[in-house]
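Written out below as structure tokens is the structure these notes cover.
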There are 2 protein chains.
Amino acid sequence: MAHILTSTDLLDQTQALVGKHLAKVEEVYAAELSSDNEYVRDIYAHTSRFRGKRLRPILCLLSAAATGEVRPEHATIAAVIEMIHTATLVHDDVLDSADKRRHVATVNVRWNNETSVLYGDFLFTHSFHLCASTGSAEACRIIGRATNRVCEGELTQIRNRGNLNLSEQEYYSIIDGKTAELCAVSCELAARFSNASNDVVQNMEAYGRKLGQAFQIADDVLDIVGLEGEVGKTLGTDIEQGKLTLPLIRLLQQTEGETHQRVVHLLENPSAEHHRELAQLCRTTGTLEQSIVQAHELSKQACRHLDTIPDSPARQLLITIATLAIDRSC
Amino acid sequence: MAHILTSTDLLDQTQALVGKHLAKVEEVYAAELSSDNEYVRDIYAHTSRFRGKRLRPILCLLSAAATGEVRPEHATIAAVIEMIHTATLVHDDVLDSADKRRHVATVNVRWNNETSVLYGDFLFTHSFHLCASTGSAEACRIIGRATNRVCEGELTQIRNRGNLNLSEQEYYSIIDGKTAELCAVSCELAARFSNASNDVVQNMEAYGRKLGQAFQIADDVLDIVGLEGEVGKTLGTDIEQGKLTLPLIRLLQQTEGETHQRVVHLLENPSAEHHRELAQLCRTTGTLEQSIVQAHELSKQACRHLDTIPDSPARQLLITIATLAIDRSC
């Protein structure tokens with residue numbers, strides 16, 4: 001997702017509209033994680049280098065502006081969700097044995113796996129502590145439920161590692177938990193704290209969810225065809241870790257005989273060379289293109305949920321994010 | 001801590017006093033973690049086999065009874081804290097590469113490290129979700145703050161792995177976070193939900209904290225001299241993992257010359273044989289006995305905080321727990 005929010009126009013417009021609130025999110029985030037412990041401060045400083053896009057805070061603040069007025073609670077909720085997201089990244093890097101995130105060494109490489117596990121826990125618990133500072137037990141419940149689903153999605157993914165029979169339905173259930181959930185809750189809670197109607201809250205939640213699904217598919221496409229120098233993280237980790245993604249599920253479905261056997265062999269014996277061959281097969285069979293089309297479709301569905309709210313600069317930016325986000329991987 | 005709550009008298013009395021509430025805690029705990037996901041259900045069933053003592057729920061319910069009336073929120077809070085405790089156990093077993101917990105294979109051994117990390121996260125997030133169901137953002141804030149401290153204690157422990165210069169003060173700061181905090185918050189929140197005065201709330205918190213410190217020292221003594229068959233978990237893990245505990249810190253402080261060098265060598269080259277030699281040295285130099293005395297002193301201090309509340313069967317049981325808990329390791 002490196003390109004969306006470095007797209008100059010979008011960034012400028014977002015800054016103009018919610019820039020001061022984004023600065024507040026950073027302040028709240030840093031204040032919550034400040035510590036007397038030097039070790040904790042070191043890890044914090046290090047991990048802040050691989051926080052880049054602020055996608056979820058931006059979704060939260062723009063949703064707040066699009067459905068009402070941005071209030072202090074919105075900045076808190078945005079920081080909470082960004083912290084949960086960072087916690088999952090830190091733990092993901094242990095699970096994936098990844099060595100780089102946004103061109104920076106992961107916590108597991110810079111320190112060790114134990115530190116990654118505990119620092120991830122530290123981020124999780126601080127996010128809940130921060131959420132409680134809104135004084136809203138309802139927000140805590142919604143954030144709790146969303147993170148439950150994130151974990152369940154990740155568990156389902158781990159369980160299906162190496163499962164070449166993963167269905168599209170199971171794939172969607174995984175990405176719905178591990179990615180779409182936090183985007184959905186960013187937009188949902190923003191609308192709730194704007195005192196929007198139930199109908200608007202539900203539509204904002206649906207916008208975030210579809211957008212998150214579209215993003216994840218685009219990310220999965222990027223894992224197959226992207227260039228490491230451009231995205232700043234290890235590529236081909238999905239294949240390496242035995243995680244089937246949409247282009248690969250369809251590649252398995254749409255090949256027969258020797259080609260199918262070759263695909264199975266390539267997936268079961270991951271290497272840089274096999275990764276290139278798989279990427280090529282996804283291109284020639286069209287499953288890469290199909291996945292991109294699917295991401296576009298979900299992005300369009302996301303935008304349709306914004307039809308229920310009055311037009312505004314914030315609403316326009318939400319539409320732009322949904323559109324640009326997909327193009328980055330094409 | 002295997003012996004305390006299997007002490008027949010204590011168990012019978014606790015059952016008579018808060019047995020129906022303990023059953024409710026189990027119900028709430030199970031309901032929160034119920035899942036459509038078969039994999040999650042399997043792990044849940046497995047981990048429930050190494051939940052044994054219910055120390056924190058018992059502390060919570062007895063503190064509730066000792067400071068007022070046991071209410072439904074108390075059962076919820078007890079389940080929340082037990083869930084957080086289980087989450088830390090699941091993650092601890094990854095950090096320690098432990099293979100057994102209460103005679104049962106750990107999650108990392110039965111499945112893998114990735115599953116342990118994610119299932120621990122799942123327990124953390126569910127505990128916060130459950131806490132929010134009390135409708136009290138204040139309870140969420142206090143639980144959040146307590147778990148922040150638990151994580152910070154664990155991080156400090158990991159950072160000091162292999163540090164033979166660990167001071168007693170640093171040791172206390174570690175056990176205060178990783179163990180005492182959850183005992184303290186069990187008693188504190190119990191008193192709060194009983195609408196006790198601030199003075200009582202603070203004293204209950206202090207009772208739990210001192211008790212937790214005493215327990216941890218007793219546990220650390222047990223890790224050195226206990227018998228694996230009796231405690232049902234891998235022994236000598238502290239030494240194996242380069243974690244200095246009170247008897248070892250004092251052993252380093254109170255030896256000189258060749259004996260000191262020998263201690264350093266034994267600690268730096270852990271093996272079953274070296275473990276036995278260290279245990280013997282802790283006995284002969286008296287640092288084991290000193291640690292037991294210190295645990296007794298903390299236990300007495302804990303009980304003194306109960307002077308501020310009227311006598312009752314629940315208060316008597318809290319005193320008994322503080323007393324019996326230490327004897328188990330002598």
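Chain identifiers are assigned as A, B, and so on, following the order in which chains appear in the structure tokens; residues are numbered from 1 within each chain, and ligands are numbered from 1 in order of appearance.
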For this session: Pick out each residue of range 103-268 of chain B that DSSP on the backbone tags as alpha helix (DSSP H); I need them as a PyMOL selection string.
Result: chain B and resi 107-110+113-132+137-159+168-175+181-193+198-225+228-231+237-240+246-253+257-268
For this session: For Asn37 in chain A, list every protein, DNA or RNA residue within 9 Å, evaluated using only C-alpha atoms, and leave out those in the same chain fewer than 5 positions away; present the list as a PyMOL selection string.
Result: (chain A and resi 42) or (chain B and resi 152+156)
For this session: With a distance threshold of 9 Å and counting only C-alpha atoms, extract the residues of chain B near chain A and express them as a PyMOL selection string.
Result: chain B and resi 37+39-40+91+94-96+113-115+117-152+154-156+158-159
Problem set entry | Nearby residues (only C-alpha atoms) at most 10 Å from Leu164 in chain A, same-chain spacing under 5 positions excluded, as a PyMOL selection string | chain A and resi 242-244+248-249+252+264+267-268
Exercise. Residues at most 12 Å from Thr320 in chain A, counting only C-alpha atoms, excluding those fewer than 6 positions away in the same chain, as a list in words?
Worked result: Ile4, Leu5, Ser7, Asp9, Leu10, Leu11, Gln13, Thr14, Leu59, Leu62, Leu211, Ser299, Lys300, Ala302, Cys303, Leu306, Pro313, Ala314, Ile326 and Asp327 of chain A
What lies within 8 Å of Val221 in chain B using only C-alpha atoms, ignoring chain neighbours under 6 positions off, as a short mmCIF file (atom, residue, chain, number, x, y, z; two decimals) with N, CA and C atoms, in the first residue's frame?
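Resulting contents of around15.cif:
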```
data_model
loop_
_atom_site.label_atom_id
_atom_site.label_comp_id
_atom_site.auth_asym_id
_atom_site.auth_seq_id
_atom_site.Cartn_x
_atom_site.Cartn_y
_atom_site.Cartn_z
N PRO B 247 17.05 -16.46 44.99
CA PRO B 247 18.09 -17.30 45.58
C PRO B 247 19.42 -17.23 44.80
N LEU B 288 18.66 -20.02 49.71
CA LEU B 288 17.33 -20.60 49.50
C LEU B 288 16.45 -20.27 50.71
N SER B 291 15.42 -16.69 50.91
CA SER B 291 14.33 -16.38 49.97
C SER B 291 12.99 -16.83 50.53
N ILE B 292 13.00 -17.99 51.18
CA ILE B 292 11.76 -18.50 51.79
C ILE B 292 11.32 -17.55 52.90
N SER B 329 6.44 -24.47 49.08
CA SER B 329 7.76 -24.63 48.46
C SER B 329 8.84 -24.93 49.48
#
```
For this session: Write down as a list in words the residues belonging to range 50-119 of chain A that are assigned strand (DSSP E) by DSSP computed on the backbone.
Result: Lys100, Arg101, Val104 and Ala105 of chain A
For this session: Fewer than 6 positions away in the same chain doesn't count, so skip those; otherwise give me all residues within 12 Å of Ala214 in chain A, counting only C-alpha atoms, as a PyMOL selection string.
Result: chain A and resi 1+172+175-176+179-180+183+207-208+220-221+246+291-303+321-329
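The shortest atom-to-atom distance to Glu168 in chain A, with only C-alpha atoms taken into account, belongs to A:Arg250 out of A:Arg250, A:Met204, A:His305, A:Ile239.
The two atoms in question, CA of Ile174 in chain B and CA of Asp238 in chain B, are spaced 13.3 Å apart.
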Residues at most 10 Å from Thr67 in chain B, counting only C-alpha atoms, excluding those fewer than 5 positions away in the same chain, as a PDB file with C-alpha atoms, in the first residue's frame?
```pdb
ATOM      1  CA  LEU B  61     -14.333 -13.609  44.575  1.00  0.00           C
ATOM      2  CA  LEU B  62     -13.062 -13.810  48.157  1.00  0.00           C
ATOM      3  CA  CYS B 187      -8.427  -7.771  44.642  1.00  0.00           C
ATOM      4  CA  ALA B 190     -13.285  -6.827  43.450  1.00  0.00           C
ATOM      5  CA  ALA B 191     -13.336  -4.089  46.103  1.00  0.00           C
ATOM      6  CA  ARG B 192     -14.267  -1.430  43.545  1.00  0.00           C
ATOM      7  CA  PHE B 193     -17.225  -3.470  42.274  1.00  0.00           C
ATOM      8  CA  SER B 194     -18.265  -3.924  45.928  1.00  0.00           C
ATOM      9  CA  ASN B 195     -18.360  -0.121  46.149  1.00  0.00           C
ATOM     10  CA  ALA B 196     -15.769  -0.241  48.938  1.00  0.00           C
ATOM     11  CA  SER B 197     -14.134   2.980  50.163  1.00  0.00           C
ATOM     12  CA  VAL B 200     -10.269  -0.422  51.399  1.00  0.00           C
ATOM     13  CA  VAL B 201      -9.674  -0.535  47.625  1.00  0.00           C
ATOM     14  CA  MET B 204      -6.994  -4.835  48.926  1.00  0.00           C
ATOM     15  CA  ILE B 309     -11.562  -4.745  56.686  1.00  0.00           C
ATOM     16  CA  PRO B 310     -14.002  -6.374  59.145  1.00  0.00           C
ATOM     17  CA  ASP B 311     -13.399 -10.023  59.928  1.00  0.00           C
ATOM     18  CA  SER B 312     -15.418 -12.554  57.947  1.00  0.00           C
ATOM     19  CA  ALA B 314     -13.837 -14.654  53.314  1.00  0.00           C
ATOM     20  CA  ARG B 315     -11.210 -12.512  55.045  1.00  0.00           C
TER      21      ARG B 315
END
```
Seminar exercise, completed: note - CA of Asp36 in chain A and CA of Glu240 in chain B are separated by 28.5 Å
